[in-house]
Amino acid sequence: MSGGADLAIEVSGLHKRYGDNEAVAGVDLSVATGEVVAFLGPNGAGKTTTVEILEGLRTRTSGDVRVLGVDPAQATSAWKERIGVVLQGAKHEGDFTSSEILTMWSAYYRSPRATAEVLELVGLCEAAGTRTRRLSGGQQQRLAVALALVGDPELVFLDEPTTGFDPAARREAWQTIGGLRALGVTVMLTTHYMDEADVLADRIVVISRGRIVANGTAAELAAHAAMPSQISWDAAELSSDLLPRQLRDLLGADESCAPAESPDARAVPPARPTIATQDVDAVVRELLAAAGGAGTRLDSLAVRPPTLEDTYLALTGDESTAGESTAGEFTGGEFTGDIP
Amino acid sequence: MRVLRQLRSEASFNLLGFRRSPAATFFTVILPLIFLVIFTSIFGNEVVSSTGARVATLYVPGILALALVSANFMNAAIVTVIRRESGVLKAMRATPLPPWVYVGGQVAASLVLTAVMTALVIGIGWLGYGVDVQPGALPSLFITLVVGAAAFSALGLAITCICPSEQAAPAITNMCVLPLYFVSDVFIPSEGAPRWMTLIGDIFPIKHLALALGRTFDPFVEGVPWPVGRWLILGVWGLGGALVTVRYFRWTPRG
C-alpha cells in the first residue's frame, strides 16, 4: 500500500460481513499523524465494527488496513505498545482503586508513563485512591482514557466516550479528550453526537449503513449536505405582499423561529415570513432592495445557518436519531456481536 | 526479566482482588476451615490406629482437596467470567500483555492460595487435632498439590466457556463440584456407597485428588506413597481442560 509515514491510519475497501448482514460495506478512510478525527454515525452504522478491526480486536472479511504501517490482523506486542484503546462502555474491576489499576496496567508496557502523571493528565488525582465501583460515570471514563494513555501511545481510539453521560460528565470527558491534542497524539473517536464531533475533531467522517457518506469539517459537511439557511424577518416591517415575485415563490414557514405558543390568546405572535435558501447573499440583497423600495427598515432580519443536527440527519438519512444528538441519553449499543 | 516482573505483578493484583472479595475469601479460606472444625466435632477424634493416628487424619486431606478446588477452579473461573463480561479482558487484549502471562498470573495466584490453605489446614490439623504428616510423604504431597492445582486451573478456565454471564458462573461452578464432593471422599468416605456413586466418583477428578492427598496422611500406608495412577488421571483431566480452553476460550463479552 502506498502512503507515507504521515498517515496513521489507511483503510481501503473494508468489508465486514456477519452472515447476511454487511456491517461494514466498503469503507475507505485515512487519518494523518497528529490529526483528531471523529467517526460519526447513528447506532448500528458500523462504527464500532470498523474501529475494532483497526484495533486488532476483530477480524475483517476483506479490504486493506494499515494502522501505524501495520496490518492489525497481524498485530504484535510491539505494535500494541504504540496504540491506546478505550472501548465502548469501558468498565473496571470494582475492588481496585484507579491508581492500583493504572499500576497494574503500566506493567504491560515497555516504557510506561508514571501513574501519577497519567492521573494528572486525565484530572483524576483526587479520586486516585477511590475504589472504581464508587467513581462517577465521568470519572470511570477518565480512568479508561488514563489506561489508554499509560503506555504513551502514538494513536488512541475512543469508542463512544460520552454515550449515556449527563451534560456535566460529557463536559468533563470532552476536557480530557481535548487534552490529548496537546500531547500530539493521533485520535480516532467514534460518536453519534454531531456536537461532540464538532467540538473535539479536526475532521468528521460520517458513516451510515456501513458506508462513508461524508468527510470534512462541520462547515464542509453542511455545504456537502446542501442544507439551506433560514432567512426570516418581521412581517410588520416588510409585508410579504411587497416582495418581488421570485422571492414570494421561495416563502415558507420556519417553525423553529416562531416564538413558543403563549397561553394568552391575545398575544398573537408576529408573523415571520421565512425563506430557506443556500444563496443567502442574493436573497438578503433582494430583501433589502425590496425594503428600500417600500421605504422601510429591516431591523428584524435574521439568518440562521443550518444546525449540526440538520446536517447530521440529512447526511445519515436516519430520522430515528432525531433529537439524540443533543439529548445525551443512552440509546443502546450498536451491533458488536460476533456471530459464530 | 520483564515477563517474570509481569507475572509477579499480575499474581499480586489477583491476590489483592481475592483479599478484597468477601465471597471469594469466605468460600476458599473460611468455609473449609469451618468444615474441618465441624467434622471433627461431630465425628469425634478418636485414636484409630496402633500408630496413634486420629480420625481427623481422614478429614484433613478431604478439606485440603476442597480448598484446592475452591482456589483453583471456582475462584479462577468466577473471576475470569466477571472480567470477561465487564470487558476488562477485551481491553487487555489491546495491550501488549501476552495472553499466557495473564493466565500465568492467575494460576500463580491460585498456587499461592493453595500453599497458604495447605499450611493452614495441616497446621490446624496438627496443632488442634494431632494429625501428623510423615516427612517422607512431603515430596508426594507437593507433587499432588502442584498436579491438582494445574489440572483444576485448566478446568476452571475451560468451565468459563459454558458460563454465559457473571451471574451464572457461581451457580455453574457449584453445580459441577458440590454433588461430586459427596461421592469423592471429601466430606465422607465413599467406601460402602452404592456402585453407581463410586463409579461417578471414579470418573471425575476430585476423588483422585482427595485420595492422592489422603495417601500422604494415611497412617496405614507402609513406606513412601506414590499415587502415580491418580496423578495421571488428574493430568488427563487437566489436559482436557487445557484443550477446551485453547479451542473455546472467549476474551470478549457476550452480545
# chains A, B, ... in the order shown; residues from 1 in each chain; ligands from 1
$ interface_residues --of "chain A" --to "chain B" --cutoff "8 Å" --atoms "only C-alpha atoms" --output "PyMOL selection string"
chain A and resi 55-57+76-81+84-87+90-93+95-96+104+107-109+336-338
$ residues_around --residues "Arg66 in chain A" --least-positions-apart "6" --cutoff "9 Å" --atoms "only C-alpha atoms" --output "list in words"
Met1, Ala8, Ile9, Glu10, Val11, Leu54 and Pro72 of chain A
$ write_last_selection --atoms "N, CA and C atoms" --output "short mmCIF file (atom, residue, chain, number, x, y, z; two decimals), in the first residue's frame"
data_model
loop_
_atom_site.label_atom_id
_atom_site.label_comp_id
_atom_site.auth_asym_id
_atom_site.auth_seq_id
_atom_site.Cartn_x
_atom_site.Cartn_y
_atom_site.Cartn_z
N MET A 1 0.85 -1.20 0.00
CA MET A 1 0.00 0.00 0.00
C MET A 1 0.88 1.25 0.00
N ALA A 8 -1.43 7.85 9.86
CA ALA A 8 -1.53 6.92 10.99
C ALA A 8 -2.44 5.76 10.64
N ILE A 9 -3.50 6.05 9.90
CA ILE A 9 -4.48 5.02 9.54
C ILE A 9 -4.77 5.09 8.05
N GLU A 10 -4.71 3.95 7.39
CA GLU A 10 -5.09 3.87 5.97
C GLU A 10 -6.00 2.67 5.80
N VAL A 11 -7.20 2.92 5.30
CA VAL A 11 -8.16 1.84 5.11
C VAL A 11 -8.71 1.95 3.69
N LEU A 54 -9.67 -1.95 13.28
CA LEU A 54 -8.44 -1.16 13.31
C LEU A 54 -7.63 -1.43 14.57
N PRO A 72 -3.45 -4.66 11.35
CA PRO A 72 -3.84 -5.05 12.72
C PRO A 72 -4.16 -6.53 12.87
#
$ residues_around --residues "Gln230 in chain A" --least-positions-apart "4" --cutoff "12 Å" --atoms "only C-alpha atoms" --output "VMD selection string"
chain A and resid 250 to 257 272 to 280 283 to 284 301 to 307 310
$ write_last_selection --atoms "C-alpha atoms" --output "mmCIF file, in the first residue's frame"
data_model
loop_
_atom_site.group_PDB
_atom_site.id
_atom_site.type_symbol
_atom_site.label_atom_id
_atom_site.label_comp_id
_atom_site.auth_asym_id
_atom_site.auth_seq_id
_atom_site.Cartn_x
_atom_site.Cartn_y
_atom_site.Cartn_z
ATOM 1 C CA LEU A 250 -39.426 30.971 -2.005
ATOM 2 C CA LEU A 251 -41.539 31.797 1.045
ATOM 3 C CA GLY A 252 -42.145 29.057 3.589
ATOM 4 C CA ALA A 253 -42.847 28.784 7.271
ATOM 5 C CA ASP A 254 -39.890 28.365 9.572
ATOM 6 C CA GLU A 255 -41.383 26.899 12.681
ATOM 7 C CA SER A 256 -38.112 26.838 14.526
ATOM 8 C CA CYS A 257 -38.043 30.660 14.523
ATOM 9 C CA ARG A 272 -42.276 35.972 10.403
ATOM 10 C CA PRO A 273 -42.032 35.280 6.703
ATOM 11 C CA THR A 274 -39.190 32.843 6.100
ATOM 12 C CA ILE A 275 -37.105 31.893 3.080
ATOM 13 C CA ALA A 276 -34.952 28.757 3.017
ATOM 14 C CA THR A 277 -32.026 29.203 0.651
ATOM 15 C CA GLN A 278 -28.437 28.252 0.009
ATOM 16 C CA ASP A 279 -27.847 31.592 -1.715
ATOM 17 C CA VAL A 280 -28.016 33.796 1.356
ATOM 18 C CA VAL A 283 -31.785 36.738 -1.110
ATOM 19 C CA VAL A 284 -30.635 39.249 1.509
ATOM 20 C CA LEU A 301 -33.804 40.374 9.561
ATOM 21 C CA ALA A 302 -32.292 37.099 10.835
ATOM 22 C CA VAL A 303 -30.165 34.497 9.051
ATOM 23 C CA ARG A 304 -29.942 31.059 10.701
ATOM 24 C CA PRO A 305 -27.330 28.738 9.217
ATOM 25 C CA PRO A 306 -28.134 25.001 9.081
ATOM 26 C CA THR A 307 -27.705 23.372 12.501
ATOM 27 C CA ASP A 310 -29.955 19.285 10.330
#
$ residues_around --residues "Ala223 in chain A" --least-positions-apart "2" --cutoff "12 Å" --atoms "only C-alpha atoms" --output "PyMOL selection string"
chain A and resi 214-221+225-229+278-279+305-308+310-312+314-315
$ write_last_selection --atoms "N, CA and C atoms" --output "JSON list (two decimals), in the first residue's frame"
[["chain", "number", "residue", "atom", "x", "y", "z"],
["A", 214, "ALA", "N", -19.82, 11.07, 4.11],
["A", 214, "ALA", "CA", -19.30, 12.43, 4.05],
["A", 214, "ALA", "C", -18.01, 12.49, 4.86],
["A", 215, "ASN", "N", -17.22, 13.54, 4.59],
["A", 215, "ASN", "CA", -15.90, 13.63, 5.18],
["A", 215, "ASN", "C", -15.48, 15.09, 5.13],
["A", 216, "GLY", "N", -15.22, 15.72, 6.25],
["A", 216, "GLY", "CA", -14.78, 17.12, 6.24],
["A", 216, "GLY", "C", -15.02, 17.79, 7.58],
["A", 217, "THR", "N", -14.82, 19.13, 7.63],
["A", 217, "THR", "CA", -15.14, 19.85, 8.84],
["A", 217, "THR", "C", -16.66, 19.99, 8.94],
["A", 218, "ALA", "N", -17.14, 20.44, 10.09],
["A", 218, "ALA", "CA", -18.58, 20.58, 10.25],
["A", 218, "ALA", "C", -19.16, 21.50, 9.18],
["A", 219, "ALA", "N", -18.44, 22.59, 8.87],
["A", 219, "ALA", "CA", -18.94, 23.54, 7.86],
["A", 219, "ALA", "C", -18.95, 22.90, 6.48],
["A", 220, "GLU", "N", -17.88, 22.13, 6.19],
["A", 220, "GLU", "CA", -17.82, 21.47, 4.89],
["A", 220, "GLU", "C", -18.93, 20.43, 4.75],
["A", 221, "LEU", "N", -19.22, 19.74, 5.86],
["A", 221, "LEU", "CA", -20.29, 18.76, 5.82],
["A", 221, "LEU", "C", -21.62, 19.43, 5.53],
["A", 225, "ALA", "N", -23.92, 18.60, 2.47],
["A", 225, "ALA", "CA", -25.31, 18.13, 2.61],
["A", 225, "ALA", "C", -26.28, 19.07, 1.93],
["A", 226, "ALA", "N", -25.75, 20.23, 1.42],
["A", 226, "ALA", "CA", -26.57, 21.22, 0.72],
["A", 226, "ALA", "C", -27.77, 21.64, 1.56],
["A", 227, "MET", "N", -27.48, 21.95, 2.82],
["A", 227, "MET", "CA", -28.54, 22.37, 3.72],
["A", 227, "MET", "C", -28.77, 23.87, 3.54],
["A", 228, "PRO", "N", -30.02, 24.31, 3.40],
["A", 228, "PRO", "CA", -30.29, 25.73, 3.25],
["A", 228, "PRO", "C", -30.19, 26.47, 4.58],
["A", 229, "SER", "N", -29.87, 27.78, 4.50],
["A", 229, "SER", "CA", -30.00, 28.64, 5.67],
["A", 229, "SER", "C", -31.42, 29.19, 5.71],
["A", 278, "GLN", "N", -29.88, 28.41, -0.11],
["A", 278, "GLN", "CA", -28.44, 28.25, 0.01],
["A", 278, "GLN", "C", -27.72, 29.50, -0.47],
["A", 279, "ASP", "N", -28.45, 30.37, -1.19],
["A", 279, "ASP", "CA", -27.85, 31.59, -1.71],
["A", 279, "ASP", "C", -28.24, 32.76, -0.82],
["A", 305, "PRO", "N", -27.99, 29.77, 10.02],
["A", 305, "PRO", "CA", -27.33, 28.74, 9.22],
["A", 305, "PRO", "C", -27.87, 27.36, 9.59],
["A", 306, "PRO", "N", -27.65, 26.33, 8.75],
["A", 306, "PRO", "CA", -28.13, 25.00, 9.08],
["A", 306, "PRO", "C", -27.50, 24.52, 10.38],
["A", 307, "THR", "N", -28.26, 23.87, 11.25],
["A", 307, "THR", "CA", -27.71, 23.37, 12.50],
["A", 307, "THR", "C", -26.96, 22.07, 12.24],
["A", 308, "LEU", "N", -26.15, 21.68, 13.23],
["A", 308, "LEU", "CA", -25.41, 20.43, 13.13],
["A", 308, "LEU", "C", -26.36, 19.25, 12.99],
["A", 310, "ASP", "N", -29.40, 19.30, 11.69],
["A", 310, "ASP", "CA", -29.95, 19.29, 10.33],
["A", 310, "ASP", "C", -29.01, 18.54, 9.40],
["A", 311, "THR", "N", -27.72, 18.92, 9.50],
["A", 311, "THR", "CA", -26.73, 18.33, 8.61],
["A", 311, "THR", "C", -26.61, 16.84, 8.86],
["A", 312, "TYR", "N", -26.49, 16.48, 10.15],
["A", 312, "TYR", "CA", -26.31, 15.08, 10.52],
["A", 312, "TYR", "C", -27.46, 14.23, 10.00],
["A", 314, "ALA", "N", -29.56, 14.91, 7.62],
["A", 314, "ALA", "CA", -29.58, 14.87, 6.16],
["A", 314, "ALA", "C", -28.55, 13.88, 5.64],
["A", 315, "LEU", "N", -27.35, 13.88, 6.28],
["A", 315, "LEU", "CA", -26.27, 13.02, 5.80],
["A", 315, "LEU", "C", -26.55, 11.55, 6.06]]
$ select_by_dssp --residues "range 3-251 of chain A" --states "helix (DSSP H, G or I)" --output "PyMOL selection string"
chain A and resi 47-54+72-74+77-80+98-106+115-121+125-127+132-134+137-149+167-182+194-200+218-224+240-242+245-248
$ write_last_selection --atoms "C-alpha atoms" --output "PDB file, in the first residue's frame"
ATOM      1  CA  LYS A  47     -18.550   2.490  13.673  1.00  0.00           C
ATOM      2  CA  THR A  48     -17.554   0.072  16.414  1.00  0.00           C
ATOM      3  CA  THR A  49     -17.051  -2.797  13.989  1.00  0.00           C
ATOM      4  CA  THR A  50     -14.713  -0.665  11.879  1.00  0.00           C
ATOM      5  CA  VAL A  51     -12.779   0.689  14.848  1.00  0.00           C
ATOM      6  CA  GLU A  52     -12.373  -2.742  16.455  1.00  0.00           C
ATOM      7  CA  ILE A  53     -10.940  -4.043  13.186  1.00  0.00           C
ATOM      8  CA  LEU A  54      -8.435  -1.155  13.312  1.00  0.00           C
ATOM      9  CA  PRO A  72      -3.842  -5.045  12.717  1.00  0.00           C
ATOM     10  CA  ALA A  73      -4.765  -8.633  11.847  1.00  0.00           C
ATOM     11  CA  GLN A  74      -1.048  -9.359  12.310  1.00  0.00           C
ATOM     12  CA  SER A  77       3.155  -6.738  21.057  1.00  0.00           C
ATOM     13  CA  ALA A  78       5.478  -4.093  19.610  1.00  0.00           C
ATOM     14  CA  TRP A  79       2.543  -2.619  17.645  1.00  0.00           C
ATOM     15  CA  LYS A  80       0.234  -2.739  20.659  1.00  0.00           C
ATOM     16  CA  SER A  98      -7.756   3.943  39.999  1.00  0.00           C
ATOM     17  CA  SER A  99      -4.091   4.141  40.878  1.00  0.00           C
ATOM     18  CA  GLU A 100      -3.875   0.384  41.542  1.00  0.00           C
ATOM     19  CA  ILE A 101      -5.366  -0.440  38.150  1.00  0.00           C
ATOM     20  CA  LEU A 102      -3.023   2.044  36.470  1.00  0.00           C
ATOM     21  CA  THR A 103      -0.040   0.490  38.245  1.00  0.00           C
ATOM     22  CA  MET A 104      -1.153  -2.966  37.132  1.00  0.00           C
ATOM     23  CA  TRP A 105      -1.531  -1.820  33.503  1.00  0.00           C
ATOM     24  CA  SER A 106       1.753   0.060  33.451  1.00  0.00           C
ATOM     25  CA  THR A 115       0.878   6.543  37.339  1.00  0.00           C
ATOM     26  CA  ALA A 116       0.788   9.977  38.983  1.00  0.00           C
ATOM     27  CA  GLU A 117       1.495  11.680  35.656  1.00  0.00           C
ATOM     28  CA  VAL A 118      -1.368   9.862  33.906  1.00  0.00           C
ATOM     29  CA  LEU A 119      -3.770  10.608  36.757  1.00  0.00           C
ATOM     30  CA  GLU A 120      -2.881  14.260  36.389  1.00  0.00           C
ATOM     31  CA  LEU A 121      -3.278  14.171  32.595  1.00  0.00           C
ATOM     32  CA  CYS A 125      -5.807  12.840  41.088  1.00  0.00           C
ATOM     33  CA  GLU A 126      -8.496  13.465  43.679  1.00  0.00           C
ATOM     34  CA  ALA A 127     -10.034  10.033  43.003  1.00  0.00           C
ATOM     35  CA  THR A 132     -13.543   2.232  40.943  1.00  0.00           C
ATOM     36  CA  ARG A 133     -17.040   0.973  41.835  1.00  0.00           C
ATOM     37  CA  ARG A 134     -17.559   4.294  43.614  1.00  0.00           C
ATOM     38  CA  GLY A 137     -19.550   7.757  35.069  1.00  0.00           C
ATOM     39  CA  GLY A 138     -17.338  10.644  34.015  1.00  0.00           C
ATOM     40  CA  GLN A 139     -14.552   9.528  36.337  1.00  0.00           C
ATOM     41  CA  GLN A 140     -14.774   5.930  35.096  1.00  0.00           C
ATOM     42  CA  GLN A 141     -14.410   7.206  31.549  1.00  0.00           C
ATOM     43  CA  ARG A 142     -11.403   9.312  32.525  1.00  0.00           C
ATOM     44  CA  LEU A 143      -9.833   6.218  34.075  1.00  0.00           C
ATOM     45  CA  ALA A 144     -10.439   4.359  30.800  1.00  0.00           C
ATOM     46  CA  VAL A 145      -8.645   7.180  28.945  1.00  0.00           C
ATOM     47  CA  ALA A 146      -5.856   7.035  31.531  1.00  0.00           C
ATOM     48  CA  LEU A 147      -5.422   3.295  30.877  1.00  0.00           C
ATOM     49  CA  ALA A 148      -5.215   4.008  27.145  1.00  0.00           C
ATOM     50  CA  LEU A 149      -2.500   6.621  27.807  1.00  0.00           C
ATOM     51  CA  PRO A 167     -24.136  17.101  30.445  1.00  0.00           C
ATOM     52  CA  ALA A 168     -21.597  17.690  33.227  1.00  0.00           C
ATOM     53  CA  ALA A 169     -19.929  14.326  32.676  1.00  0.00           C
ATOM     54  CA  ARG A 170     -19.821  14.968  28.925  1.00  0.00           C
ATOM     55  CA  ARG A 171     -18.101  18.286  29.557  1.00  0.00           C
ATOM     56  CA  GLU A 172     -15.537  16.503  31.783  1.00  0.00           C
ATOM     57  CA  ALA A 173     -14.870  13.857  29.155  1.00  0.00           C
ATOM     58  CA  TRP A 174     -14.528  16.495  26.433  1.00  0.00           C
ATOM     59  CA  GLN A 175     -11.906  18.309  28.501  1.00  0.00           C
ATOM     60  CA  THR A 176      -9.909  15.108  28.922  1.00  0.00           C
ATOM     61  CA  ILE A 177     -10.132  14.215  25.228  1.00  0.00           C
ATOM     62  CA  GLY A 178      -9.278  17.783  24.233  1.00  0.00           C
ATOM     63  CA  GLY A 179      -6.142  17.398  26.349  1.00  0.00           C
ATOM     64  CA  LEU A 180      -4.928  14.571  24.095  1.00  0.00           C
ATOM     65  CA  ARG A 181      -4.356  17.087  21.316  1.00  0.00           C
ATOM     66  CA  ALA A 182      -1.768  18.823  23.480  1.00  0.00           C
ATOM     67  CA  MET A 194     -22.659  15.758  15.991  1.00  0.00           C
ATOM     68  CA  ASP A 195     -21.854  18.447  18.565  1.00  0.00           C
ATOM     69  CA  GLU A 196     -19.224  16.202  20.142  1.00  0.00           C
ATOM     70  CA  ALA A 197     -17.614  15.588  16.769  1.00  0.00           C
ATOM     71  CA  ASP A 198     -17.678  19.327  16.049  1.00  0.00           C
ATOM     72  CA  VAL A 199     -16.130  20.318  19.395  1.00  0.00           C
ATOM     73  CA  LEU A 200     -13.393  17.692  19.526  1.00  0.00           C
ATOM     74  CA  ALA A 218     -18.584  20.581  10.253  1.00  0.00           C
ATOM     75  CA  ALA A 219     -18.935  23.537   7.863  1.00  0.00           C
ATOM     76  CA  GLU A 220     -17.818  21.466   4.888  1.00  0.00           C
ATOM     77  CA  LEU A 221     -20.286  18.756   5.821  1.00  0.00           C
ATOM     78  CA  ALA A 222     -23.095  21.307   5.925  1.00  0.00           C
ATOM     79  CA  ALA A 223     -22.119  22.520   2.456  1.00  0.00           C
ATOM     80  CA  HIS A 224     -21.861  18.919   1.269  1.00  0.00           C
ATOM     81  CA  SER A 240     -44.675  39.549   2.021  1.00  0.00           C
ATOM     82  CA  ASP A 241     -47.101  41.222  -0.417  1.00  0.00           C
ATOM     83  CA  LEU A 242     -44.387  43.781  -1.145  1.00  0.00           C
ATOM     84  CA  ARG A 245     -42.320  37.577  -7.324  1.00  0.00           C
ATOM     85  CA  GLN A 246     -39.121  35.441  -7.304  1.00  0.00           C
ATOM     86  CA  LEU A 247     -38.813  35.904  -3.525  1.00  0.00           C
ATOM     87  CA  ARG A 248     -42.511  35.303  -2.849  1.00  0.00           C
TER      88      ARG A 248
END
$ residues_around --residues "range 113-119 of chain B" --least-positions-apart "5" --cutoff "12 Å" --atoms "only C-alpha atoms" --output "JSON, numbers by chain"
{"B": [11, 12, 14, 15, 16, 18, 19, 24, 25, 27, 28, 29, 30, 31, 32, 33, 60, 61, 62, 63, 64, 65, 66, 67, 68, 69, 70, 71, 72, 73, 75, 76, 106, 107, 108, 124, 125, 126, 127, 133, 138, 141, 142, 144, 145, 146, 147, 148, 149, 150, 152, 153, 213]}
$ write_last_selection --atoms "N, CA and C atoms" --output "compact mmCIF listing (two decimals), in the first residue's frame"
# COMPACT_ATOMS: atom_id res chain seq x y z
N ALA B 11 0.03 -11.68 39.47
CA ALA B 11 -0.31 -12.56 40.59
C ALA B 11 -0.64 -11.75 41.84
N SER B 12 0.15 -10.70 42.11
CA SER B 12 -0.09 -9.97 43.35
C SER B 12 -1.39 -9.17 43.26
N ASN B 14 -4.00 -10.15 41.52
CA ASN B 14 -5.05 -11.16 41.67
C ASN B 14 -5.28 -11.48 43.15
N LEU B 15 -4.18 -11.60 43.90
CA LEU B 15 -4.31 -11.90 45.33
C LEU B 15 -4.96 -10.75 46.09
N LEU B 16 -4.60 -9.51 45.68
CA LEU B 16 -5.22 -8.34 46.31
C LEU B 16 -6.73 -8.34 46.06
N PHE B 18 -8.54 -10.92 45.47
CA PHE B 18 -9.09 -12.03 46.26
C PHE B 18 -9.34 -11.58 47.70
N ARG B 19 -8.34 -10.92 48.28
CA ARG B 19 -8.47 -10.48 49.69
C ARG B 19 -9.63 -9.50 49.85
N ALA B 24 -15.17 -14.62 47.82
CA ALA B 24 -14.04 -15.49 47.49
C ALA B 24 -13.31 -15.92 48.76
N THR B 25 -13.07 -14.96 49.65
CA THR B 25 -12.35 -15.27 50.89
C THR B 25 -13.13 -16.27 51.73
N PHE B 27 -15.51 -18.55 50.79
CA PHE B 27 -15.64 -19.90 50.25
C PHE B 27 -14.31 -20.63 50.15
N THR B 28 -13.22 -19.90 49.95
CA THR B 28 -11.93 -20.57 49.76
C THR B 28 -11.17 -20.74 51.07
N VAL B 29 -11.26 -19.76 51.96
CA VAL B 29 -10.45 -19.81 53.19
C VAL B 29 -11.29 -20.22 54.41
N ILE B 30 -12.38 -19.51 54.65
CA ILE B 30 -13.12 -19.69 55.91
C ILE B 30 -13.91 -21.01 55.90
N LEU B 31 -14.66 -21.25 54.81
CA LEU B 31 -15.56 -22.41 54.79
C LEU B 31 -14.82 -23.74 54.99
N PRO B 32 -13.72 -24.00 54.29
CA PRO B 32 -13.02 -25.27 54.53
C PRO B 32 -12.59 -25.43 55.99
N LEU B 33 -12.15 -24.33 56.61
CA LEU B 33 -11.72 -24.43 58.00
C LEU B 33 -12.92 -24.71 58.91
N VAL B 60 -8.51 -34.18 57.15
CA VAL B 60 -7.57 -33.16 56.66
C VAL B 60 -7.37 -33.23 55.14
N PRO B 61 -7.11 -34.40 54.55
CA PRO B 61 -6.93 -34.40 53.10
C PRO B 61 -8.19 -33.99 52.34
N GLY B 62 -9.37 -34.40 52.83
CA GLY B 62 -10.62 -34.02 52.16
C GLY B 62 -10.81 -32.50 52.16
N ILE B 63 -10.55 -31.90 53.33
CA ILE B 63 -10.69 -30.45 53.44
C ILE B 63 -9.66 -29.74 52.56
N LEU B 64 -8.48 -30.32 52.48
CA LEU B 64 -7.43 -29.75 51.64
C LEU B 64 -7.85 -29.80 50.16
N ALA B 65 -8.47 -30.91 49.77
CA ALA B 65 -8.96 -31.02 48.39
C ALA B 65 -10.03 -29.96 48.12
N LEU B 66 -10.93 -29.78 49.10
CA LEU B 66 -11.98 -28.76 48.99
C LEU B 66 -11.37 -27.37 48.76
N ALA B 67 -10.35 -27.03 49.56
CA ALA B 67 -9.72 -25.72 49.45
C ALA B 67 -9.02 -25.57 48.11
N LEU B 68 -8.37 -26.64 47.65
CA LEU B 68 -7.64 -26.56 46.38
C LEU B 68 -8.61 -26.35 45.22
N VAL B 69 -9.71 -27.10 45.22
CA VAL B 69 -10.70 -26.95 44.14
C VAL B 69 -11.31 -25.55 44.18
N SER B 70 -11.57 -25.06 45.38
CA SER B 70 -12.16 -23.73 45.52
C SER B 70 -11.22 -22.65 44.98
N ALA B 71 -9.94 -22.74 45.34
CA ALA B 71 -8.98 -21.70 44.94
C ALA B 71 -8.69 -21.75 43.45
N ASN B 72 -8.49 -22.95 42.92
CA ASN B 72 -8.02 -23.07 41.54
C ASN B 72 -9.15 -23.12 40.52
N PHE B 73 -10.24 -23.77 40.89
CA PHE B 73 -11.33 -23.97 39.93
C PHE B 73 -12.41 -22.89 40.08
N ASN B 75 -12.77 -20.13 42.14
CA ASN B 75 -12.36 -18.75 42.22
C ASN B 75 -11.85 -18.24 40.87
N ALA B 76 -10.97 -19.03 40.24
CA ALA B 76 -10.40 -18.60 38.96
C ALA B 76 -11.49 -18.47 37.89
N GLN B 106 -2.76 -15.60 36.88
CA GLN B 106 -3.90 -16.11 37.64
C GLN B 106 -3.57 -17.48 38.27
N VAL B 107 -2.90 -18.33 37.51
CA VAL B 107 -2.52 -19.64 38.05
C VAL B 107 -1.54 -19.46 39.21
N ALA B 108 -0.60 -18.52 39.06
CA ALA B 108 0.37 -18.29 40.14
C ALA B 108 -0.34 -17.85 41.41
N ILE B 124 -3.58 -26.47 61.42
CA ILE B 124 -4.70 -26.62 62.38
C ILE B 124 -4.90 -28.11 62.71
N GLY B 125 -4.76 -28.96 61.70
CA GLY B 125 -4.89 -30.40 61.94
C GLY B 125 -3.84 -30.90 62.91
N TRP B 126 -2.65 -30.39 62.77
CA TRP B 126 -1.53 -30.85 63.60
C TRP B 126 -1.65 -30.30 65.02
N LEU B 127 -1.87 -28.99 65.12
CA LEU B 127 -1.93 -28.35 66.44
C LEU B 127 -3.21 -28.70 67.17
N VAL B 133 2.01 -35.37 59.63
CA VAL B 133 2.43 -35.64 58.25
C VAL B 133 3.78 -36.33 58.34
N LEU B 138 6.24 -35.84 52.21
CA LEU B 138 6.14 -34.44 51.76
C LEU B 138 6.37 -34.27 50.25
N LEU B 141 3.19 -35.19 48.66
CA LEU B 141 2.18 -34.15 48.91
C LEU B 141 2.38 -32.98 47.95
N PHE B 142 3.64 -32.56 47.81
CA PHE B 142 3.96 -31.43 46.95
C PHE B 142 3.55 -31.71 45.50
N THR B 144 1.32 -33.85 44.40
CA THR B 144 -0.14 -33.91 44.30
C THR B 144 -0.74 -32.50 44.26
N LEU B 145 -0.22 -31.61 45.11
CA LEU B 145 -0.75 -30.24 45.14
C LEU B 145 -0.51 -29.53 43.81
N VAL B 146 0.70 -29.68 43.25
CA VAL B 146 1.02 -28.98 42.00
C VAL B 146 0.21 -29.55 40.84
N VAL B 147 0.16 -30.89 40.74
CA VAL B 147 -0.61 -31.51 39.66
C VAL B 147 -2.09 -31.14 39.80
N GLY B 148 -2.60 -31.21 41.03
CA GLY B 148 -4.01 -30.87 41.28
C GLY B 148 -4.30 -29.41 40.94
N ALA B 149 -3.43 -28.49 41.37
CA ALA B 149 -3.65 -27.07 41.10
C ALA B 149 -3.63 -26.79 39.59
N ALA B 150 -2.67 -27.41 38.89
CA ALA B 150 -2.59 -27.20 37.44
C ALA B 150 -3.85 -27.73 36.76
N PHE B 152 -6.90 -28.33 38.01
CA PHE B 152 -8.14 -27.61 38.30
C PHE B 152 -8.10 -26.16 37.79
N SER B 153 -6.91 -25.57 37.63
CA SER B 153 -6.83 -24.26 36.99
C SER B 153 -7.27 -24.37 35.53
N LEU B 213 -4.16 -37.02 48.06
CA LEU B 213 -3.76 -36.27 49.25
C LEU B 213 -3.84 -37.16 50.49
$ atom_distance --atom1 "CA of Val36 in chain A" --atom2 "CA of Val185 in chain A"
8.2 Å
$ atom_distance --atom1 "CA of Thr186 in chain A" --atom2 "CA of Asp71 in chain A"
17.5 Å
$ residues_around --residues "Val55 in chain B" --least-positions-apart "2" --cutoff "12 Å" --atoms "only C-alpha atoms" --output "ChimeraX atom specification"
/B:36,39-49,52-53,57-61,125,129-132,188-189,217-219
$ select_by_dssp --residues "range 100-307 of chain A" --states "strand (DSSP E)" --output "ChimeraX atom specification"
/A:155-159,186-191,203-208,211-216,229-232,251-252,274-277,302-304
$ residues_around --residues "range 178-185 of chain B" --least-positions-apart "4" --cutoff "10 Å" --atoms "only C-alpha atoms" --output "JSON, numbers by chain"
{"B": [58, 59, 61, 62, 63, 65, 66, 173, 174, 189, 190, 191, 193, 194, 196, 197, 198, 199, 200, 201, 202, 203, 204, 205, 206, 207, 208, 209, 210, 211, 214]}
$ atom_distance --atom1 "CA of Ser140 in chain B" --atom2 "CA of Gly235 in chain B"
15.1 Å
$ closest_residue --among "A:Ala128, A:Arg82, A:Asn21, A:Leu243" --to "Ala289 in chain A" --atoms "only C-alpha atoms"
A:Leu243
